[in-house]
4 protein chains.
Amino acid sequence: MIIVMKPQADKRDVEHIVHMIEEKGLTAHLSEGSEVTIIGVVGDKSRLSASNLEIASGVDKIIPVTESYKLANRKFHPEPTIVSVGATEIGPNNLTIMSGPCAIESEEQLLATARAVKAAGANILRGGAYKPRTSPYSFQGLEEEGLRYMKTAREETGMAVVCEVTSAKAIEAAVKYVDMLQIGARNMQNFELLKEAGKTGLPVLLKRGLSSTIDEWLNAAEYIIAEGNYNVVLCERGIRTYETATRNTLDLSAVPVIRAKSHLPIIVDPSHATGVRAYVAPLAKAAVAAGADGLMIETHPCPERALSDGPQSLTFDQFQELCTELRPYAALAGRTF
Amino acid sequence: MIIVMKPQADKRDVEHIVHMIEEKGLTAHLSEGSEVTIIGVVGDKSRLSASNLEIASGVDKIIPVTESYKLANRKFHPEPTIVSVGATEIGPNNLTIMSGPCAIESEEQLLATARAVKAAGANILRGGAYKPRTSPYSFQGLEEEGLRYMKTAREETGMAVVCEVTSAKAIEAAVKYVDMLQIGARNMQNFELLKEAGKTGLPVLLKRGLSSTIDEWLNAAEYIIAEGNYNVVLCERGIRTYETATRNTLDLSAVPVIRAKSHLPIIVDPSHATGVRAYVAPLAKAAVAAGADGLMIETHPCPERALSDGPQSLTFDQFQELCTELRPYAALAGRTF
Amino acid sequence: MIIVMKPQADKRDVEHIVHMIEEKGLTAHLSEGSEVTIIGVVGDKSRLSASNLEIASGVDKIIPVTESYKLANRKFHPEPTIVSVGATEIGPNNLTIMSGPCAIESEEQLLATARAVKAAGANILRGGAYKPRTSPYSFQGLEEEGLRYMKTAREETGMAVVCEVTSAKAIEAAVKYVDMLQIGARNMQNFELLKEAGKTGLPVLLKRGLSSTIDEWLNAAEYIIAEGNYNVVLCERGIRTYETATRNTLDLSAVPVIRAKSHLPIIVDPSHATGVRAYVAPLAKAAVAAGADGLMIETHPCPERALSDGPQSLTFDQFQELCTELRPYAALAGRTF
Amino acid sequence: MIIVMKPQADKRDVEHIVHMIEEKGLTAHLSEGSEVTIIGVVGDKSRLSASNLEIASGVDKIIPVTESYKLANRKFHPEPTIVSVGATEIGPNNLTIMSGPCAIESEEQLLATARAVKAAGANILRGGAYKPRTSPYSFQGLEEEGLRYMKTAREETGMAVVCEVTSAKAIEAAVKYVDMLQIGARNMQNFELLKEAGKTGLPVLLKRGLSSTIDEWLNAAEYIIAEGNYNVVLCERGIRTYETATRNTLDLSAVPVIRAKSHLPIIVDPSHATGVRAYVAPLAKAAVAAGADGLMIETHPCPERALSDGPQSLTFDQFQELCTELRPYAALAGRTF
């Protein structure tokens, strides 16, 4: 941590800061420049409440030097983490494809989709049983009934299944039926939910918040890992910007940035990011080329009649075609698919 | 709802859409232009899953015409709602000041603050017992112990008290101690929490999400009201933008916009919005001038030693001075303070 | 400037950096922490190309400590600058009101507006002769003919006049007719235009760019001042965000932030910021309460028939009423109006 | 264009609007719903000043239905445009690589770079002679001297050359030396510059503005094409968001969106978008996978000593390696490279 003093700060201001640092058992390094003095702090900064030094007399600003996430940080864990979900290993050797409907609507819909996406090459079945919807009047999901269909689909196809959870109660139900819990974008900073998900020990798919920085996202992952659960897979799904041509703005730079900053796997969801079916395939290929460990793609037997997110869902034929197109990209990236 | 067809859409495409509309018992109005055909839909649109028409053949885009929130909408409820919290009426006649520390740290700290802010003119005591923090290693709040101190402060000073809740469990605890529940920015779209808060019947202070549109915010309020609880007060606390000179960007336009779109009271929190103590007073005055029904201002006996958000907290003297400065602005706005 | 080394940087990396710093005649201060080493640079940093140290071996990141703008910086010029435009002094003692139509449409329209806004209390007449429009098919302005009408309006009413310039050619024409040049939001980083405007010696109204940070804005002002022209007035007019309820998001925090960082006057344009007539008055009052030195308000004899920005323009009666309402706010702020 | 009336609009309000539409020779279509009346306008909307209808009595909002750009619009020009620059054809059949230094520093630097990037496979040499820099104290470019070096490089290597222009004067100079003009992000809405560039007839590389929507970008292209010059190549270079891990946020969705909305070629600049060398290669591959017609990549003989943008520049070896890695991606995309 670095403390930058104001030009007009006097000797007593600097001494006061140095005193505050040293009384916490830390060391202060002074650099007196022609314009300003800066003070470097060495030692365990968690003992010092950084933000409040900002209002001590003579202080211009505080600049943090090291990241607040430790367990999710590549600096202290250079090897990539591989997360096992059922028979699938999510990590640098494979391209993992999660696919299924945005919302589970019926057993038939889910089973038909599971069979189709498995045949095309998907490894994990996704499906929403608890739907966080902007309006209370939109379809809210089948809840536990939907989870039961997921289990049936798993038994029939042998695919692992992932389902979003939106409350402690939903987690309690989901652990009985699914292989992986999903924390959605709107709940990325629902810290109580993160802790509960961490405690289950199940793999967690952590979607990036609508307007979360990458640092906040890794701090959210830290909440899960801090419960002793390293099985976290990150999912980039678009961030909120001023652009309206797509539902969100897919931030593919997040893939190499996460690779540089963390050891956790990262997958990409071009369906939610764009909200437009025609943009899913080009961005799915781009994600693989950028180094993603996997993809999440929405599919539906009849997108025109879907209860949620129809416009971005692929038909089974479109999904099959996309998987075929993705294979050479996976091969170029050195991944099995 | 309006459906805009593509220039190349043919007669059969249009007929297909009209058929889909009419089979739901709705009426379709056609306008055939030189470039494109548009179809207006008349009737209860909730019967029609709007989004999926978007992928029917020949459809260019769907444009919603009416808002999805109804109970929070001024169009159907033109009179301003007045929310009673203890002896305070939040609404057009008063300027309501909520003040207190970001985090409750001890009984002494809270009581000292309660006495000071009451003396200066505050109506409601705020204080965080459950703190949603970006990093799991930051101070997370005193939880129920903090709530007990709030109750003590209420008993001693007679002020009503408001406290943030971050989970169903926290709500269960808080209802025993506080007069008003606060839903924080990070939980604005934690829909399960909104429903739980709505069910308590207690007044709810609903902060705007970090990057929520005003429409999403009013839809979040709709979740609470849909549980039969009209006692919702909105709180603008800054939105996320690219600008870094302030912690968030205070969107004061939200005050007249909410006034135009909703009947719910709106207050402004310049402390969290700016994150800088020196900017709190000018923006507090600006909020009152813009028409806000109240303010939320952080205060602390010794901001330099606060466990959370010290740099934006006012000392008791500064808060007293601000209240004195605010009185003529409240008078100009026709509000009692 | 501070250089943060990577945890794995070795002694030779650090020595290489120190060598690069010292060969430029600067001094390096080392702080060796438990996790990382940081190096402070003391001396005239312009000799060192900061950005490239970033790719030297072992470097994690470079953190600038001081602002790149000097002449616009309050640190080196603590007294507020007062800018004279005709008989008006823009600065801390007055509330300056600039008003007029978005686009000059005819001599009659401009003269009628000039008379009306002067009678209501405006000090400076605004009007666009060169209109930067998103589409080439929108009305582009009357150009020099419009400037001539401005001069006529000045002669008849005695008001000073301000007009936007969009090219070196437009500046050449404008200097013959107007008292103040306006650089619009879209040209805030048109550095050639800034230099040309600076060279005229005329006062310059510098609007904030659509998505400019406050630091970029002050650097743009620095381009003008660096030509020897300190007569710069800043104008906050809303920034681009994801919110669509208003045309832009008015960033009123910019008023106290500019006050803290610069000595230049700052005015606020609620008309362009919101794009909605009903929101102009509440935000105009809020701007004065936040400490703005003035306002820019669009007015039109018949907004319904305006060629540009009708929806945000006030009628003469509305403008008159707003001025009346603003007087007590100006008085509270200690300003003559 | 669609006009949505307020619920409380009465018959006279609707008649007034219909009258305004019909007096311009257009046709009005009414849909009277249970809640609101909507009015569709058919005919040449440019006769109607859309925005001002918004303030007529009873009007809630105006919704545009068709895009304001026509010449750049794929709807009216379905075949992809191929832009010839020297011997290179930018369009669907090739992958065009533009490379060179951010700023031209010396003849040696430019020639060495030209030779190296040509050998690796680049088709067009880029180099900045006029540099728009945030601070007036940063290196501003060699201007015409730099252009002369570009011409020498062209003569020696046979590569076509592209150079940014920042003023009418710079265009006048550049047309004597270069094959293609570049309009930078900061000048995307410098409409006078767009018109001047259009008039030269030279191919124009139009970078997306820092916070431009795709619609604004295509409208900027429309300014160039409206001068009779269809030789426009778009360049996505990252947009401004709240995320700070990269300099800008590369919006790769823009590639399929532009493909859907326009016939113009689009290339991608991962160097400026990320500002970090390590992220250039993964995003370059992703851009090709997403369907880009080309790439712009910064290279420098010695990035550590570059006068501008060193941290994002590739060394010659890195560029050579990237080109080798890109070849199979170009092949998968059906492009010659």
# chains A, B, ... in the order shown; residues from 1 in each chain; ligands from 1

$ residues_around --residues "stretch 70-81 of chain C" --least-positions-apart "2" --cutoff "6 Å" --atoms "only C-alpha atoms" --output "ChimeraX atom specification"
/C:222,261-264

$ interface_residues --of "chain A" --to "chain B" --cutoff "8 Å" --atoms "only C-alpha atoms" --output "PyMOL selection string"
chain A and resi 46+49+51-56+68-69+132-137+166-167+186-187+189-192+210-211+216+219-220+222-223+226+240+303-311

$ residues_around --residues "stretch 30-45 of chain A" --least-positions-apart "5" --cutoff "6 Å" --atoms "only C-alpha atoms" --output "list in words"
Met1, Ile2, Ile3, Val4, Met5 and Pro7 of chain A; Gly33 and Val42 of chain C

$ atom_distance --atom1 "atom CA of B:Lys199" --atom2 "atom CA of B:Leu234"
17.6 Å

$ select_by_dssp --residues "stretch 113-317 of chain A" --states "strand (DSSP E or B)" --output "PyMOL selection string"
chain A and resi 124-126+128+160-164+180-183+204-207+232-236+239+249+262+266-268+294-299+314

$ write_last_selection --atoms "N, CA, C and O atoms" --output "short mmCIF file (atom, residue, chain, number, x, y, z; two decimals), in the first residue's frame"
data_model
loop_
_atom_site.label_atom_id
_atom_site.label_comp_id
_atom_site.auth_asym_id
_atom_site.auth_seq_id
_atom_site.Cartn_x
_atom_site.Cartn_y
_atom_site.Cartn_z
N ILE A 124 -22.24 -31.23 -20.27
CA ILE A 124 -23.00 -30.92 -19.06
C ILE A 124 -24.33 -30.31 -19.48
O ILE A 124 -24.37 -29.48 -20.39
N LEU A 125 -25.40 -30.73 -18.80
CA LEU A 125 -26.74 -30.21 -19.11
C LEU A 125 -27.04 -29.03 -18.19
O LEU A 125 -26.89 -29.13 -16.98
N ARG A 126 -27.45 -27.91 -18.77
CA ARG A 126 -27.85 -26.78 -17.95
C ARG A 126 -29.37 -26.63 -18.05
O ARG A 126 -29.98 -27.10 -19.03
N GLY A 128 -32.64 -23.96 -16.02
CA GLY A 128 -32.98 -23.10 -14.90
C GLY A 128 -34.26 -23.54 -14.22
O GLY A 128 -35.30 -23.63 -14.86
N ALA A 160 -23.67 -34.85 -16.53
CA ALA A 160 -23.72 -34.09 -15.29
C ALA A 160 -24.67 -32.91 -15.51
O ALA A 160 -24.89 -32.48 -16.64
N VAL A 161 -25.24 -32.39 -14.43
CA VAL A 161 -26.21 -31.29 -14.57
C VAL A 161 -25.85 -30.12 -13.66
O VAL A 161 -25.36 -30.30 -12.56
N VAL A 162 -26.11 -28.93 -14.17
CA VAL A 162 -25.85 -27.69 -13.42
C VAL A 162 -27.12 -26.86 -13.38
O VAL A 162 -27.86 -26.80 -14.37
N CYS A 163 -27.39 -26.23 -12.25
CA CYS A 163 -28.63 -25.48 -12.08
C CYS A 163 -28.37 -24.24 -11.23
O CYS A 163 -27.62 -24.29 -10.25
N GLU A 164 -28.97 -23.13 -11.60
CA GLU A 164 -28.80 -21.91 -10.82
C GLU A 164 -29.55 -21.99 -9.49
O GLU A 164 -30.66 -22.50 -9.43
N MET A 180 -23.55 -29.54 -10.00
CA MET A 180 -22.84 -28.27 -9.95
C MET A 180 -23.88 -27.18 -9.70
O MET A 180 -24.97 -27.21 -10.29
N LEU A 181 -23.52 -26.24 -8.83
CA LEU A 181 -24.42 -25.11 -8.54
C LEU A 181 -24.00 -23.91 -9.37
O LEU A 181 -22.81 -23.64 -9.53
N GLN A 182 -24.97 -23.18 -9.88
CA GLN A 182 -24.64 -21.95 -10.60
C GLN A 182 -25.08 -20.75 -9.77
O GLN A 182 -26.20 -20.72 -9.26
N ILE A 183 -24.16 -19.76 -9.62
CA ILE A 183 -24.53 -18.48 -9.03
C ILE A 183 -24.67 -17.51 -10.20
O ILE A 183 -23.72 -17.29 -10.97
N VAL A 204 -18.92 -24.99 -8.20
CA VAL A 204 -19.76 -23.80 -8.35
C VAL A 204 -19.38 -23.09 -9.65
O VAL A 204 -18.21 -22.82 -9.90
N LEU A 205 -20.40 -22.81 -10.45
CA LEU A 205 -20.20 -22.00 -11.65
C LEU A 205 -20.57 -20.58 -11.28
O LEU A 205 -21.74 -20.29 -11.00
N LEU A 206 -19.59 -19.68 -11.27
CA LEU A 206 -19.81 -18.32 -10.79
C LEU A 206 -19.86 -17.35 -11.96
O LEU A 206 -18.83 -17.00 -12.55
N LYS A 207 -21.04 -16.89 -12.30
CA LYS A 207 -21.18 -15.94 -13.40
C LYS A 207 -20.71 -14.55 -12.96
O LYS A 207 -20.85 -14.18 -11.80
N VAL A 232 -14.27 -23.90 -8.23
CA VAL A 232 -14.98 -22.75 -8.78
C VAL A 232 -14.63 -22.60 -10.25
O VAL A 232 -13.45 -22.61 -10.62
N VAL A 233 -15.66 -22.49 -11.09
CA VAL A 233 -15.47 -22.20 -12.51
C VAL A 233 -16.10 -20.85 -12.78
O VAL A 233 -17.26 -20.61 -12.40
N LEU A 234 -15.35 -19.95 -13.39
CA LEU A 234 -15.86 -18.62 -13.70
C LEU A 234 -16.59 -18.63 -15.04
O LEU A 234 -16.24 -19.41 -15.93
N CYS A 235 -17.59 -17.78 -15.19
CA CYS A 235 -18.30 -17.70 -16.47
C CYS A 235 -18.53 -16.25 -16.88
O CYS A 235 -19.29 -15.53 -16.23
N GLU A 236 -17.86 -15.83 -17.97
CA GLU A 236 -18.07 -14.49 -18.54
C GLU A 236 -19.36 -14.53 -19.34
O GLU A 236 -19.53 -15.38 -20.21
N ILE A 239 -21.08 -7.79 -19.97
CA ILE A 239 -21.20 -6.75 -18.95
C ILE A 239 -22.10 -5.64 -19.48
O ILE A 239 -22.37 -5.55 -20.67
N THR A 249 -22.50 -6.50 -23.29
CA THR A 249 -21.29 -6.48 -24.11
C THR A 249 -20.38 -7.60 -23.64
O THR A 249 -19.88 -7.57 -22.50
N SER A 262 -5.55 -15.47 -12.33
CA SER A 262 -6.10 -16.53 -11.50
C SER A 262 -5.79 -17.90 -12.08
O SER A 262 -5.44 -18.03 -13.25
N ILE A 266 -12.16 -20.75 -16.79
CA ILE A 266 -13.15 -19.76 -17.22
C ILE A 266 -13.84 -20.23 -18.47
O ILE A 266 -13.20 -20.67 -19.43
N ILE A 267 -15.18 -20.16 -18.45
CA ILE A 267 -15.96 -20.48 -19.63
C ILE A 267 -16.72 -19.22 -20.06
O ILE A 267 -16.73 -18.21 -19.34
N VAL A 268 -17.33 -19.27 -21.24
CA VAL A 268 -17.99 -18.09 -21.82
C VAL A 268 -19.41 -18.45 -22.24
O VAL A 268 -19.64 -19.54 -22.78
N GLY A 294 -14.32 -23.47 -21.87
CA GLY A 294 -15.60 -24.06 -22.16
C GLY A 294 -16.60 -23.02 -22.60
O GLY A 294 -16.28 -21.82 -22.67
N LEU A 295 -17.81 -23.50 -22.90
CA LEU A 295 -18.88 -22.62 -23.37
C LEU A 295 -20.18 -23.03 -22.69
O LEU A 295 -20.38 -24.20 -22.36
N MET A 296 -21.04 -22.05 -22.51
CA MET A 296 -22.40 -22.34 -22.09
C MET A 296 -23.32 -21.79 -23.19
O MET A 296 -23.28 -20.59 -23.49
N ILE A 297 -24.12 -22.67 -23.76
CA ILE A 297 -24.94 -22.31 -24.93
C ILE A 297 -26.38 -22.71 -24.68
O ILE A 297 -26.64 -23.87 -24.32
N GLU A 298 -27.30 -21.80 -24.87
CA GLU A 298 -28.70 -22.15 -24.68
C GLU A 298 -29.30 -22.82 -25.90
O GLU A 298 -29.12 -22.35 -27.03
N THR A 299 -30.05 -23.90 -25.64
CA THR A 299 -30.74 -24.61 -26.71
C THR A 299 -32.17 -24.87 -26.27
O THR A 299 -32.47 -24.93 -25.07
N LEU A 314 -30.55 -21.65 -29.45
CA LEU A 314 -30.35 -22.36 -30.70
C LEU A 314 -31.33 -23.53 -30.78
O LEU A 314 -31.68 -24.14 -29.77
#

$ atom_distance --atom1 "atom CA of B:Leu250" --atom2 "atom CA of B:Ala129"
24.7 Å

$ closest_residue --among "D:Lys6, D:His19, D:Arg115, D:Lys24" --to "D:Lys61" --atoms "only C-alpha atoms"
D:Lys6

$ atom_distance --atom1 "atom CA of B:Ala273" --atom2 "atom CA of B:Leu326"
18.5 Å

$ select_by_dssp --residues "stretch 141-269 of chain C" --states "alpha helix (DSSP H)" --output "PyMOL selection string"
chain C and resi 144-157+168-174+191-200+214-225+254-261

$ write_last_selection --atoms "N, CA and C atoms" --output "compact mmCIF listing (two decimals), in the first residue's frame"
# COMPACT_ATOMS: atom_id res chain seq x y z
N GLU C 144 -22.06 30.85 -41.26
CA GLU C 144 -21.73 32.27 -41.06
C GLU C 144 -22.97 33.17 -41.02
N GLU C 145 -24.00 32.80 -41.74
CA GLU C 145 -25.24 33.58 -41.67
C GLU C 145 -25.75 33.62 -40.22
N GLY C 146 -25.69 32.49 -39.56
CA GLY C 146 -26.11 32.42 -38.16
C GLY C 146 -25.25 33.31 -37.27
N LEU C 147 -23.94 33.32 -37.54
CA LEU C 147 -23.04 34.18 -36.76
C LEU C 147 -23.42 35.66 -36.91
N ARG C 148 -23.80 36.02 -38.13
CA ARG C 148 -24.20 37.43 -38.35
C ARG C 148 -25.43 37.78 -37.51
N TYR C 149 -26.37 36.84 -37.42
CA TYR C 149 -27.55 37.11 -36.58
C TYR C 149 -27.14 37.27 -35.12
N MET C 150 -26.15 36.50 -34.70
CA MET C 150 -25.66 36.61 -33.33
C MET C 150 -25.14 38.03 -33.08
N LYS C 151 -24.38 38.54 -34.05
CA LYS C 151 -23.83 39.88 -33.89
C LYS C 151 -24.96 40.92 -33.80
N THR C 152 -25.95 40.76 -34.65
CA THR C 152 -27.10 41.66 -34.60
C THR C 152 -27.76 41.60 -33.22
N ALA C 153 -27.95 40.39 -32.73
CA ALA C 153 -28.59 40.23 -31.42
C ALA C 153 -27.75 40.90 -30.33
N ARG C 154 -26.45 40.77 -30.43
CA ARG C 154 -25.57 41.41 -29.46
C ARG C 154 -25.73 42.93 -29.51
N GLU C 155 -25.73 43.47 -30.76
CA GLU C 155 -25.84 44.93 -30.89
C GLU C 155 -27.17 45.43 -30.36
N GLU C 156 -28.22 44.67 -30.63
CA GLU C 156 -29.53 45.14 -30.20
C GLU C 156 -29.75 45.02 -28.70
N THR C 157 -29.27 43.91 -28.11
CA THR C 157 -29.58 43.69 -26.69
C THR C 157 -28.43 44.02 -25.75
N ALA C 168 -11.31 24.67 -37.76
CA ALA C 168 -10.47 25.86 -37.82
C ALA C 168 -11.16 26.95 -38.65
N LYS C 169 -11.83 26.54 -39.71
CA LYS C 169 -12.54 27.49 -40.56
C LYS C 169 -13.67 28.19 -39.79
N ALA C 170 -14.37 27.43 -38.99
CA ALA C 170 -15.46 28.02 -38.20
C ALA C 170 -14.90 29.01 -37.17
N ILE C 171 -13.74 28.69 -36.61
CA ILE C 171 -13.12 29.63 -35.66
C ILE C 171 -12.79 30.94 -36.35
N GLU C 172 -12.20 30.81 -37.53
CA GLU C 172 -11.83 31.98 -38.31
C GLU C 172 -13.03 32.91 -38.54
N ALA C 173 -14.17 32.31 -38.84
CA ALA C 173 -15.38 33.11 -39.04
C ALA C 173 -15.89 33.65 -37.71
N ALA C 174 -15.93 32.80 -36.69
CA ALA C 174 -16.58 33.17 -35.44
C ALA C 174 -15.90 34.34 -34.73
N PHE C 191 -7.82 17.87 -30.57
CA PHE C 191 -6.75 18.69 -29.99
C PHE C 191 -6.32 19.83 -30.91
N GLU C 192 -6.43 19.63 -32.22
CA GLU C 192 -6.09 20.71 -33.15
C GLU C 192 -7.03 21.89 -32.96
N LEU C 193 -8.31 21.55 -32.74
CA LEU C 193 -9.31 22.60 -32.54
C LEU C 193 -9.06 23.33 -31.22
N LEU C 194 -8.69 22.59 -30.20
CA LEU C 194 -8.40 23.21 -28.90
C LEU C 194 -7.26 24.22 -29.03
N LYS C 195 -6.22 23.81 -29.75
CA LYS C 195 -5.08 24.71 -29.92
C LYS C 195 -5.49 25.97 -30.67
N GLU C 196 -6.27 25.79 -31.74
CA GLU C 196 -6.72 26.95 -32.52
C GLU C 196 -7.57 27.88 -31.65
N ALA C 197 -8.46 27.29 -30.87
CA ALA C 197 -9.30 28.11 -30.01
C ALA C 197 -8.45 28.85 -28.98
N GLY C 198 -7.46 28.16 -28.45
CA GLY C 198 -6.58 28.79 -27.48
C GLY C 198 -5.87 30.00 -28.07
N LYS C 199 -5.43 29.87 -29.31
CA LYS C 199 -4.67 30.95 -29.95
C LYS C 199 -5.47 32.23 -30.15
N THR C 200 -6.80 32.12 -30.25
CA THR C 200 -7.60 33.33 -30.49
C THR C 200 -7.57 34.27 -29.29
N ILE C 214 -12.87 13.30 -15.72
CA ILE C 214 -12.57 14.67 -15.31
C ILE C 214 -11.10 14.98 -15.58
N ASP C 215 -10.24 14.00 -15.44
CA ASP C 215 -8.82 14.23 -15.73
C ASP C 215 -8.59 14.52 -17.22
N GLU C 216 -9.26 13.80 -18.10
CA GLU C 216 -9.12 14.08 -19.53
C GLU C 216 -9.64 15.48 -19.88
N TRP C 217 -10.70 15.85 -19.19
CA TRP C 217 -11.31 17.16 -19.42
C TRP C 217 -10.33 18.27 -19.02
N LEU C 218 -9.72 18.10 -17.87
CA LEU C 218 -8.75 19.12 -17.43
C LEU C 218 -7.51 19.09 -18.33
N ASN C 219 -7.14 17.95 -18.86
CA ASN C 219 -6.04 17.92 -19.83
C ASN C 219 -6.42 18.63 -21.13
N ALA C 220 -7.70 18.53 -21.51
CA ALA C 220 -8.16 19.27 -22.71
C ALA C 220 -8.07 20.77 -22.44
N ALA C 221 -8.48 21.19 -21.23
CA ALA C 221 -8.35 22.61 -20.87
C ALA C 221 -6.88 23.03 -20.93
N GLU C 222 -6.01 22.10 -20.52
CA GLU C 222 -4.57 22.40 -20.52
C GLU C 222 -4.08 22.73 -21.94
N TYR C 223 -4.62 22.06 -22.95
CA TYR C 223 -4.25 22.38 -24.34
C TYR C 223 -4.55 23.84 -24.67
N ILE C 224 -5.69 24.33 -24.19
CA ILE C 224 -6.07 25.73 -24.46
C ILE C 224 -5.17 26.68 -23.69
N ILE C 225 -5.00 26.41 -22.40
CA ILE C 225 -4.20 27.30 -21.56
C ILE C 225 -2.75 27.32 -22.04
N ALA C 254 -19.33 16.41 -10.58
CA ALA C 254 -18.23 17.10 -11.27
C ALA C 254 -18.03 18.52 -10.74
N VAL C 255 -19.11 19.12 -10.24
CA VAL C 255 -18.97 20.50 -9.74
C VAL C 255 -18.02 20.56 -8.54
N PRO C 256 -18.30 19.82 -7.44
CA PRO C 256 -17.30 19.88 -6.36
C PRO C 256 -15.95 19.26 -6.72
N VAL C 257 -15.94 18.26 -7.60
CA VAL C 257 -14.65 17.66 -7.96
C VAL C 257 -13.79 18.69 -8.71
N ILE C 258 -14.37 19.37 -9.69
CA ILE C 258 -13.61 20.40 -10.42
C ILE C 258 -13.16 21.49 -9.45
N ARG C 259 -14.05 21.86 -8.55
CA ARG C 259 -13.69 22.88 -7.55
C ARG C 259 -12.44 22.44 -6.77
N ALA C 260 -12.35 21.16 -6.46
CA ALA C 260 -11.22 20.66 -5.67
C ALA C 260 -9.95 20.55 -6.50
N LYS C 261 -10.08 20.25 -7.78
CA LYS C 261 -8.91 19.96 -8.61
C LYS C 261 -8.44 21.12 -9.45
